[in-house]
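Have a look at the structure below before the remarks.
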Amino acid sequence: MSLHLEHDADLTALNTFGVPARAAMLARVDDAGELPGLFAAIAGQGLPWLALGQGSNLLFAGDPQGIVVQPVLAGIAVTGESGGRVRVRAGAGESWHGLVEWTLAHDLCGLENLALIPGTVGAAPVQNIGAYGVELAAFIGAVEAFDVGAGVLCRLEPGDCGFAYRDSRFKREPGRWLITAVELDLPRDAEPVTGYAGLGAELAAAGVTRPDARAVFEAVCALRRRKLPDPARIGNAGSFFKNPVVPALQAAFVRDHHPDLPCWPAGAEHVKLSAAWLIEHSGLKGHRIGDAGVSDRHALVLVNHGGATGAQLLALARHVQDTVQARFGVALEPEPVIIGAG
Ligand code: EPU
């Protein structure tokens, strides 16, 4: 079956926060050829729609409107090689971490710092996933997507994807794109990126002096397992806030009062501040409002202790934003997509 429709679908297991939500209609598509017909029908009924991968970067503050479309397009294959890089094409429905493991098993490197990031391949370019000093955008050869406005399948070159820190054209133009596959250009051999704070120390502690991609992969997995709550055990969507990028002058002012605040350069005139540090030093690490909580492991992660609703998690997020704003004068922006906030 290449298109499967379900009425009044329960989305609780389809979002990693594990909050209750329902879709009037859920469409699972495992063949991109079905998309023109499906979206013609959606447009014909004037319905809004939402793309859903594994629901690892969204918060259902309420039920989504219209139809939820889940591309379960499968397949990973080498499709070419040029300029010393191997092109790998992966279907949008594949698991991201599964793809990272596949590339390492095929002696390709580059993605090892992005190990264990929850979610699907199709969701990865939307927020330009990044971790431990590496961003997905560095390896994108092309993104294949259905252009809902034009009703056609197309292929976007990296320069057309508008990638930025935790951002892309796909995120900025909601309702226009459904990603169907991602093409990556990966080296067979490259100097691993080990400069990110904590990663070098993790490798040293494991006794690794000349790390290869496999060693970096193992170290990243160990770090993430230790520092981040596992969504399989306690509902969460990874970092709930972006690290705020502020003018250098503002950063200097805040750091004048708080010299321990970690920060990183972001272009010539801006500085990226650690949102986790700001939240922790607002006294909110481990804070709970009912079952909606700030993780006691990592202050940037909001968690569902069991019975939280999306609306309660959103109320907690607003409390965090207000508290950090009042204490440090810095605005925090949510990273996940918030659905049905009304
Ligand atoms: N810190 C605190 N309190 C905490 C946790 C961290 O003060 O509870 C401070 C520490 O001083 C630490 C600094 O924050 O040095 C940075 O922490 P970390 O290395 O964990 O990185 P992050 O900036 O908080 C970002 C990404 C993560 C990614 C890590 C590692 C964003 C929004 N988040 O977090 O991505 O895993 O770097 O590269 O950029 C995600 O996007 O879902 C995600 C988990």
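By order in the structure tokens, chains are A, B, ...; within a chain, residues start at 1; ligands start at 1, following the order shown.
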Next item on the list: Collect all residues with atoms no farther than 8 Å from ligand 1, counting only C-alpha atoms and all ligand atoms, and output them as a ChimeraX atom specification.
Entry: /A:57,117,129-134,165-166,196-198,224,227-228,237-243,261-262,274-281,285,295-301,335
Write the residues you've just listed into a file as a tab-separated table (two decimals), in the first residue's frame, and include N, CA and C atoms for each of them.
chain	number	residue	atom	x	y	z
A	57	ASN	N	10.89	16.86	16.76
A	57	ASN	CA	11.24	18.28	16.88
A	57	ASN	C	9.99	19.14	16.79
A	117	ILE	N	21.13	11.73	16.98
A	117	ILE	CA	20.11	12.79	16.93
A	117	ILE	C	18.80	12.11	16.54
A	129	ILE	N	20.12	20.14	11.31
A	129	ILE	CA	20.59	19.57	12.57
A	129	ILE	C	22.09	19.78	12.74
A	130	GLY	N	22.50	19.94	13.99
A	130	GLY	CA	23.91	20.17	14.26
A	130	GLY	C	24.26	19.69	15.65
A	131	ALA	N	25.51	19.29	15.82
A	131	ALA	CA	25.98	18.90	17.14
A	131	ALA	C	27.50	18.76	17.10
A	132	TYR	N	28.13	19.04	18.22
A	132	TYR	CA	29.56	18.83	18.42
A	132	TYR	C	30.40	19.40	17.27
A	133	GLY	N	30.05	20.65	16.89
A	133	GLY	CA	30.87	21.39	15.94
A	133	GLY	C	30.59	21.11	14.48
A	134	VAL	N	29.54	20.33	14.17
A	134	VAL	CA	29.23	19.99	12.77
A	134	VAL	C	27.76	20.28	12.49
A	165	TYR	N	21.92	28.58	11.16
A	165	TYR	CA	21.93	27.87	12.45
A	165	TYR	C	20.52	27.43	12.82
A	166	ARG	N	20.30	26.12	12.88
A	166	ARG	CA	19.00	25.52	13.23
A	166	ARG	C	17.86	26.10	12.38
A	196	TYR	N	35.10	20.55	19.67
A	196	TYR	CA	33.99	21.00	20.51
A	196	TYR	C	34.23	20.61	21.97
A	197	ALA	N	33.95	21.58	22.86
A	197	ALA	CA	34.19	21.37	24.29
A	197	ALA	C	33.59	20.04	24.73
A	198	GLY	N	34.36	19.25	25.43
A	198	GLY	CA	33.85	17.98	25.97
A	198	GLY	C	34.17	16.79	25.08
A	224	ARG	N	26.22	11.94	24.51
A	224	ARG	CA	24.77	12.21	24.43
A	224	ARG	C	24.00	11.34	25.41
A	227	LYS	N	24.53	12.93	28.82
A	227	LYS	CA	24.12	14.31	29.09
A	227	LYS	C	22.67	14.61	28.74
A	228	LEU	N	22.12	13.88	27.78
A	228	LEU	CA	20.76	14.24	27.32
A	228	LEU	C	19.76	13.17	27.73
A	237	ALA	N	12.06	16.72	23.25
A	237	ALA	CA	12.36	16.99	21.84
A	237	ALA	C	13.75	17.58	21.70
A	238	GLY	N	14.70	17.10	22.51
A	238	GLY	CA	16.05	17.65	22.46
A	238	GLY	C	16.04	19.08	22.95
A	239	SER	N	16.97	19.87	22.45
A	239	SER	CA	17.03	21.28	22.87
A	239	SER	C	15.70	21.96	22.59
A	240	PHE	N	15.11	22.58	23.60
A	240	PHE	CA	13.84	23.25	23.35
A	240	PHE	C	14.05	24.70	22.90
A	241	PHE	N	15.22	25.26	23.23
A	241	PHE	CA	15.51	26.64	22.81
A	241	PHE	C	16.77	26.67	21.98
A	242	LYS	N	16.84	27.64	21.05
A	242	LYS	CA	18.09	27.86	20.32
A	242	LYS	C	19.04	28.61	21.24
A	243	ASN	N	20.32	28.44	21.02
A	243	ASN	CA	21.27	29.30	21.71
A	243	ASN	C	21.11	30.69	21.12
A	261	LEU	N	29.51	32.88	31.70
A	261	LEU	CA	28.54	32.49	30.67
A	261	LEU	C	29.27	32.03	29.40
A	262	PRO	N	29.11	30.73	29.00
A	262	PRO	CA	29.80	30.27	27.79
A	262	PRO	C	29.26	30.97	26.55
A	274	SER	N	25.15	30.60	25.58
A	274	SER	CA	24.62	29.29	25.99
A	274	SER	C	23.27	29.46	26.68
A	275	ALA	N	22.22	29.01	25.99
A	275	ALA	CA	20.88	29.08	26.58
A	275	ALA	C	20.79	28.19	27.82
A	276	ALA	N	21.46	27.03	27.78
A	276	ALA	CA	21.41	26.12	28.94
A	276	ALA	C	21.94	26.82	30.19
A	277	TRP	N	23.03	27.55	30.03
A	277	TRP	CA	23.64	28.25	31.17
A	277	TRP	C	22.67	29.32	31.69
A	278	LEU	N	22.07	30.07	30.77
A	278	LEU	CA	21.13	31.14	31.19
A	278	LEU	C	19.95	30.56	31.96
A	279	ILE	N	19.45	29.40	31.50
A	279	ILE	CA	18.30	28.77	32.16
A	279	ILE	C	18.73	28.22	33.53
A	280	GLU	N	19.88	27.53	33.54
A	280	GLU	CA	20.35	26.99	34.82
A	280	GLU	C	20.58	28.10	35.84
A	281	HIS	N	21.17	29.22	35.39
A	281	HIS	CA	21.48	30.32	36.32
A	281	HIS	C	20.27	31.22	36.56
A	285	LYS	N	16.83	24.80	36.30
A	285	LYS	CA	17.20	23.42	35.95
A	285	LYS	C	16.45	22.48	36.89
A	295	SER	N	14.58	19.62	32.23
A	295	SER	CA	15.38	18.44	32.59
A	295	SER	C	16.40	18.77	33.69
A	296	ASP	N	16.60	17.85	34.61
A	296	ASP	CA	17.64	18.08	35.62
A	296	ASP	C	19.00	17.60	35.11
A	297	ARG	N	19.02	17.05	33.88
A	297	ARG	CA	20.30	16.65	33.28
A	297	ARG	C	20.87	17.75	32.41
A	298	HIS	N	19.98	18.39	31.63
A	298	HIS	CA	20.41	19.43	30.69
A	298	HIS	C	19.33	20.49	30.63
A	299	ALA	N	19.71	21.72	31.01
A	299	ALA	CA	18.71	22.79	31.20
A	299	ALA	C	18.02	23.22	29.92
A	300	LEU	N	18.60	22.83	28.76
A	300	LEU	CA	18.01	23.27	27.49
A	300	LEU	C	16.85	22.37	27.04
A	301	VAL	N	16.65	21.27	27.75
A	301	VAL	CA	15.68	20.26	27.33
A	301	VAL	C	14.45	20.30	28.24
A	335	GLU	N	13.16	26.09	19.68
A	335	GLU	CA	13.72	25.43	18.51
A	335	GLU	C	12.69	24.53	17.83
Notebook entry, point to check: Quick one: residues within 10 Å of A:Leu35, only C-alpha atoms counted, chain neighbours fewer than 5 positions away excluded, as a PyMOL selection string?
Noted result: chain A and resi 3+29-30+40-41+69+71+146-148+151-153+178+180
Item checked: Close residues, stretch 249-251 of chain A itself excluded, 12 Å, only C-alpha atoms, min 5 positions apart in chain, as a ChimeraX atom specification -> /A:244,256-259,261-266,268-274,328-331
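Atom pair atom CA of A:Val86 / atom CA of A:Arg225 has a distance of 29.7 Å (rounded to one decimal).
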Next item on the list: Excluding A:Arg172 and residues on its chain fewer than 3 positions from it, collect all residues at most 12 Å away from it, counting only C-alpha atoms, and give them as a PyMOL selection string.
Entry: chain A and resi 125-128+161-164+166-169+175-177+337
Checklist line | DSSP strand (DSSP E or B) residues within stretch 43-120 of chain A, as an NGL selection string | finding: :A and (49-51 or 58-60 or 67-71 or 76-82 or 85-91 or 95 or 120)
Tell me, counting only C-alpha atoms, for each residue of stretch 13-65 of chain A within 12 Å of stretch 90-97 of chain A, which pair of atoms is nearest and how far apart they are in Å to one decimal, in rows ordered by chain and increasing number, as a tab-separated table.
residue	atom	partner	partner_atom	distance
A:Arg28	CA	A:Gly93	CA	10.2
A:Val29	CA	A:Gly93	CA	9.4
A:Asp30	CA	A:Gly93	CA	8.2
A:Asp31	CA	A:Gly91	CA	10.0
A:Ala32	CA	A:Gly91	CA	9.8
A:Ala51	CA	A:Ala92	CA	11.1
A:Leu52	CA	A:Gly93	CA	9.8
A:Gly53	CA	A:Gly93	CA	6.8
A:Gln54	CA	A:Ser95	CA	8.4
A:Gly55	CA	A:Gly93	CA	11.8
A:Ser56	CA	A:Trp96	CA	11.2
Those residues with all heavy atoms, as a PDB file, in the first residue's frame please?
ATOM      1  N   ARG A  28      -0.134   8.244   5.462  1.00  0.00           N
ATOM      2  CA  ARG A  28       1.235   7.704   5.388  1.00  0.00           C
ATOM      3  C   ARG A  28       1.529   7.379   3.932  1.00  0.00           C
ATOM      4  O   ARG A  28       0.771   6.650   3.298  1.00  0.00           O
ATOM      5  CB  ARG A  28       1.336   6.416   6.192  1.00  0.00           C
ATOM      6  CG  ARG A  28       1.421   6.651   7.667  1.00  0.00           C
ATOM      7  CD  ARG A  28       2.055   5.434   8.345  1.00  0.00           C
ATOM      8  NE  ARG A  28       2.156   5.687   9.772  1.00  0.00           N
ATOM      9  CZ  ARG A  28       1.179   5.415  10.620  1.00  0.00           C
ATOM     10  NH1 ARG A  28       0.062   4.864  10.208  1.00  0.00           N
ATOM     11  NH2 ARG A  28       1.331   5.683  11.895  1.00  0.00           N
ATOM     12  N   VAL A  29       2.647   7.928   3.428  1.00  0.00           N
ATOM     13  CA  VAL A  29       2.968   7.769   2.012  1.00  0.00           C
ATOM     14  C   VAL A  29       4.319   7.098   1.866  1.00  0.00           C
ATOM     15  O   VAL A  29       5.307   7.586   2.416  1.00  0.00           O
ATOM     16  CB  VAL A  29       3.046   9.165   1.328  1.00  0.00           C
ATOM     17  CG1 VAL A  29       3.161   9.016  -0.172  1.00  0.00           C
ATOM     18  CG2 VAL A  29       1.858  10.018   1.695  1.00  0.00           C
ATOM     19  N   ASP A  30       4.379   5.962   1.155  1.00  0.00           N
ATOM     20  CA  ASP A  30       5.691   5.329   0.970  1.00  0.00           C
ATOM     21  C   ASP A  30       6.145   5.354  -0.488  1.00  0.00           C
ATOM     22  O   ASP A  30       7.066   4.645  -0.871  1.00  0.00           O
ATOM     23  CB  ASP A  30       5.719   3.914   1.561  1.00  0.00           C
ATOM     24  CG  ASP A  30       4.866   2.933   0.778  1.00  0.00           C
ATOM     25  OD1 ASP A  30       4.365   3.304  -0.298  1.00  0.00           O
ATOM     26  OD2 ASP A  30       4.700   1.797   1.258  1.00  0.00           O
ATOM     27  N   ASP A  31       5.504   6.208  -1.285  1.00  0.00           N
ATOM     28  CA  ASP A  31       5.884   6.352  -2.691  1.00  0.00           C
ATOM     29  C   ASP A  31       5.662   7.818  -3.076  1.00  0.00           C
ATOM     30  O   ASP A  31       4.522   8.313  -3.036  1.00  0.00           O
ATOM     31  CB  ASP A  31       4.996   5.429  -3.535  1.00  0.00           C
ATOM     32  CG  ASP A  31       5.223   5.589  -5.023  1.00  0.00           C
ATOM     33  OD1 ASP A  31       6.036   6.450  -5.421  1.00  0.00           O
ATOM     34  OD2 ASP A  31       4.565   4.862  -5.795  1.00  0.00           O
ATOM     35  N   ALA A  32       6.764   8.497  -3.424  1.00  0.00           N
ATOM     36  CA  ALA A  32       6.664   9.937  -3.723  1.00  0.00           C
ATOM     37  C   ALA A  32       5.711  10.204  -4.883  1.00  0.00           C
ATOM     38  O   ALA A  32       5.129  11.293  -4.985  1.00  0.00           O
ATOM     39  CB  ALA A  32       8.052  10.501  -4.034  1.00  0.00           C
ATOM     40  N   ALA A  51       3.620  18.217   7.885  1.00  0.00           N
ATOM     41  CA  ALA A  51       4.512  17.074   7.656  1.00  0.00           C
ATOM     42  C   ALA A  51       4.988  16.539   8.997  1.00  0.00           C
ATOM     43  O   ALA A  51       5.360  17.306   9.881  1.00  0.00           O
ATOM     44  CB  ALA A  51       5.720  17.506   6.829  1.00  0.00           C
ATOM     45  N   LEU A  52       4.985  15.215   9.124  1.00  0.00           N
ATOM     46  CA  LEU A  52       5.414  14.590  10.378  1.00  0.00           C
ATOM     47  C   LEU A  52       6.423  13.490  10.071  1.00  0.00           C
ATOM     48  O   LEU A  52       6.152  12.614   9.253  1.00  0.00           O
ATOM     49  CB  LEU A  52       4.191  13.986  11.084  1.00  0.00           C
ATOM     50  CG  LEU A  52       4.416  13.364  12.450  1.00  0.00           C
ATOM     51  CD1 LEU A  52       4.739  14.422  13.488  1.00  0.00           C
ATOM     52  CD2 LEU A  52       3.169  12.597  12.896  1.00  0.00           C
ATOM     53  N   GLY A  53       7.589  13.564  10.722  1.00  0.00           N
ATOM     54  CA  GLY A  53       8.577  12.488  10.598  1.00  0.00           C
ATOM     55  C   GLY A  53       8.376  11.549  11.776  1.00  0.00           C
ATOM     56  O   GLY A  53       7.366  10.862  11.885  1.00  0.00           O
ATOM     57  N   GLN A  54       9.352  11.580  12.724  1.00  0.00           N
ATOM     58  CA  GLN A  54       9.161  10.814  13.970  1.00  0.00           C
ATOM     59  C   GLN A  54       8.662  11.717  15.092  1.00  0.00           C
ATOM     60  O   GLN A  54       8.658  11.326  16.255  1.00  0.00           O
ATOM     61  CB  GLN A  54      10.474  10.145  14.394  1.00  0.00           C
ATOM     62  CG  GLN A  54      10.824   8.965  13.485  1.00  0.00           C
ATOM     63  CD  GLN A  54      12.226   8.432  13.714  1.00  0.00           C
ATOM     64  OE1 GLN A  54      13.024   8.993  14.473  1.00  0.00           O
ATOM     65  NE2 GLN A  54      12.551   7.343  13.031  1.00  0.00           N
ATOM     66  N   GLY A  55       8.295  12.964  14.744  1.00  0.00           N
ATOM     67  CA  GLY A  55       7.752  13.888  15.757  1.00  0.00           C
ATOM     68  C   GLY A  55       8.757  14.225  16.835  1.00  0.00           C
ATOM     69  O   GLY A  55       8.384  14.429  17.988  1.00  0.00           O
ATOM     70  N   SER A  56      10.055  14.314  16.462  1.00  0.00           N
ATOM     71  CA  SER A  56      11.079  14.546  17.484  1.00  0.00           C
ATOM     72  C   SER A  56      11.472  16.005  17.600  1.00  0.00           C
ATOM     73  O   SER A  56      12.301  16.348  18.433  1.00  0.00           O
ATOM     74  CB  SER A  56      12.323  13.705  17.192  1.00  0.00           C
ATOM     75  OG  SER A  56      12.845  14.072  15.935  1.00  0.00           O
TER      76      SER A  56
END
Note to self: as a count of residues only, please: every residue in stretch 100-245 of chain A that DSSP puts in alpha helix (DSSP H).
What the structure shows: 32
Check: Which residue, A:Val246, A:Ala317, A:Leu104, A:Ile234, has the smallest gap to A:Gly18 when you use only C-alpha atoms?
Finding: A:Ile234
